[in-house]
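Chemist: Supplied in structure tokens, the structure appears directly below.
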Amino acid sequence: MKKKSLMAILVTLVMTGCMTMGGGGLLGGIDTTNTLGNVIVSVLGINKVSAESLVGTWRYSGPGCAFTSDNLLAKAGGEVAASKIKSELLPYYQQLGINGSNTSFTFNQDKTFSAKLNGQSINGTYTYDPNSGQIAFKTLLLSLNGYVTRSVNGVNLLFESKKILSVMQTLGSLSGNATVSTISDISKNYSGVRVGFDMIR
């Protein structure tokens, strides 16, 4: 991304924040205090995660999302839009019972991984391209492509709307759950957005 393009986003966010935040630091119930600090990590491929730093165990801390380009991020309203998407997803994740104690991903140096989603286990192999942020999972049940991007406190593991639907429906306890379809539908409402999980160590 060009520096001028990023600067345009930041200037827009500053001006928008000055006009809408007032003294409370809130816009439509969304905390905008960290808007400028978070904007860069809301675009896929900007803050790259090395293969070495991906290795280890990551646990769920909340819904994750990122736009596929800085142009789409700016068009949607920047970090405020990303925060809005996360706030819309959160109650549905909670309804599914997804939390930090039952949802995690472990990436090993030998390119195997193990994961739990709502306590349901899945294992397989993965390949990861740190330059593009693309990650490919392969298990007995599915082959799945996603994205890894750095977040403020860790990493985001993100998928296209149809793919996040596959991830959750692959695990038997969530199959056919209307809440899962709603999560997919929310991401479809935003052009060029990927959704998934915000993960921390």
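Letters A, B, ... mark the chains of the structure tokens in the order given; residue numbers begin at 1 per chain; ligand numbers begin at 1, in order shown.
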Which of region 74-185 of chain A end up as helix (DSSP H, G or I) when DSSP is run on this backbone - answer as a ChimeraX atom specification?

Modeler: /A:74-76,79-96,161-170,172-174,178-185

Chemist: Near region 177-188 of chain A, counting only C-alpha atoms, which residues have an atom at most 9 Å away, once you skip same-chain residues fewer than 4 positions from it, shown as a PyMOL selection string?

Modeler: chain A and resi 65+85+88-89+92-93+95-96+160-165+168-169+173+192-195

Chemist: If you measure from CA of Ser143 (chain A) to CA of Val167 (chain A), what distance in Å do you get, rounded to one decimal?

Modeler: 9.8 Å

Chemist: Take CA of Asn131 (chain A) and CA of Leu54 (chain A) and report the distance between them in Å, one decimal.

Modeler: 13.1 Å

Chemist: Might you pull out every residue within 9 Å of region 132-136 of chain A, with only C-alpha atoms counted and same-chain residues fewer than 2 positions away left off, and present them as a list in words?

Modeler: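 After dropping sequence-adjacent residues, the list is Leu44, Gly45, Lys48, Val49, Ser50, Thr125, Tyr126, Thr127, Tyr128, Asp129, Pro130, Lys138, Ser143, Leu144, Asn145, Gly146, Tyr147, Val148, Thr149 and Leu157 of chain A.
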
Chemist: Just to be explicit: take each residue in the selection above, keep N, CA and C atoms, and write the result as a JSON list (two decimals), in the first residue's frame.

Modeler:
```json
[["chain", "number", "residue", "atom", "x", "y", "z"],
["A", 44, "LEU", "N", -5.79, -6.62, 5.17],
["A", 44, "LEU", "CA", -5.02, -7.84, 4.97],
["A", 44, "LEU", "C", -3.69, -7.54, 4.30],
["A", 45, "GLY", "N", -2.62, -8.15, 4.80],
["A", 45, "GLY", "CA", -1.33, -8.06, 4.15],
["A", 45, "GLY", "C", -0.48, -6.87, 4.56],
["A", 48, "LYS", "N", 2.46, -7.99, 8.42],
["A", 48, "LYS", "CA", 2.68, -9.41, 8.15],
["A", 48, "LYS", "C", 3.15, -10.16, 9.39],
["A", 49, "VAL", "N", 2.78, -11.44, 9.44],
["A", 49, "VAL", "CA", 3.17, -12.32, 10.53],
["A", 49, "VAL", "C", 4.17, -13.33, 9.97],
["A", 50, "SER", "N", 5.33, -13.43, 10.57],
["A", 50, "SER", "CA", 6.34, -14.37, 10.08],
["A", 50, "SER", "C", 5.93, -15.79, 10.42],
["A", 125, "THR", "N", -2.68, -30.65, 8.79],
["A", 125, "THR", "CA", -1.46, -29.98, 8.38],
["A", 125, "THR", "C", -1.82, -28.60, 7.82],
["A", 126, "TYR", "N", -0.81, -27.75, 7.75],
["A", 126, "TYR", "CA", -1.04, -26.42, 7.20],
["A", 126, "TYR", "C", 0.18, -25.95, 6.42],
["A", 127, "THR", "N", -0.08, -25.07, 5.48],
["A", 127, "THR", "CA", 1.00, -24.35, 4.80],
["A", 127, "THR", "C", 0.71, -22.87, 4.96],
["A", 128, "TYR", "N", 1.77, -22.09, 5.09],
["A", 128, "TYR", "CA", 1.59, -20.66, 5.35],
["A", 128, "TYR", "C", 2.58, -19.84, 4.53],
["A", 129, "ASP", "N", 2.07, -18.82, 3.86],
["A", 129, "ASP", "CA", 2.90, -17.91, 3.07],
["A", 129, "ASP", "C", 2.92, -16.56, 3.80],
["A", 130, "PRO", "N", 4.00, -16.23, 4.49],
["A", 130, "PRO", "CA", 4.06, -14.98, 5.25],
["A", 130, "PRO", "C", 3.99, -13.73, 4.38],
["A", 138, "LYS", "N", -5.40, -28.47, 5.92],
["A", 138, "LYS", "CA", -5.86, -29.72, 5.33],
["A", 138, "LYS", "C", -6.09, -30.73, 6.45],
["A", 143, "SER", "N", -10.49, -29.21, 3.30],
["A", 143, "SER", "CA", -9.34, -28.38, 2.94],
["A", 143, "SER", "C", -9.85, -26.94, 2.94],
["A", 144, "LEU", "N", -9.11, -26.05, 3.56],
["A", 144, "LEU", "CA", -9.62, -24.71, 3.81],
["A", 144, "LEU", "C", -8.53, -23.67, 3.70],
["A", 145, "ASN", "N", -8.82, -22.58, 3.00],
["A", 145, "ASN", "CA", -7.88, -21.47, 2.88],
["A", 145, "ASN", "C", -8.34, -20.30, 3.74],
["A", 146, "GLY", "N", -7.37, -19.64, 4.38],
["A", 146, "GLY", "CA", -7.69, -18.48, 5.19],
["A", 146, "GLY", "C", -6.56, -17.47, 5.12],
["A", 147, "TYR", "N", -6.58, -16.54, 6.05],
["A", 147, "TYR", "CA", -5.59, -15.47, 6.11],
["A", 147, "TYR", "C", -5.16, -15.24, 7.55],
["A", 148, "VAL", "N", -3.90, -14.91, 7.71],
["A", 148, "VAL", "CA", -3.38, -14.52, 9.02],
["A", 148, "VAL", "C", -2.91, -13.08, 8.92],
["A", 149, "THR", "N", -3.35, -12.25, 9.83],
["A", 149, "THR", "CA", -2.89, -10.87, 9.87],
["A", 149, "THR", "C", -2.65, -10.48, 11.32],
["A", 157, "LEU", "N", -7.13, -14.75, 12.61],
["A", 157, "LEU", "CA", -7.26, -15.87, 11.70],
["A", 157, "LEU", "C", -8.60, -15.70, 10.99]]
```

Chemist: Between A:Phe197, A:Trp58, A:Phe159, A:Phe113, which one has atoms that come closest to Lys86 (chain A), using only C-alpha atoms?

Modeler: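 Among the listed residues, the smallest separation from Lys86 (chain A) belongs to A:Phe197.
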
Chemist: Which neighbours of region 114-116 of chain A fall inside 6 Å, counting only C-alpha atoms, when residues of the same chain fewer than 6 positions from it are skipped, and could you give them as a ChimeraX atom specification?

Modeler: /A:103-106,122-123

Chemist: When you count only C-alpha atoms, which of these residues is closest to Asp110 (chain A): A:Gly196, A:Ser166, A:Val55, A:Ala82?

Modeler: A:Val55
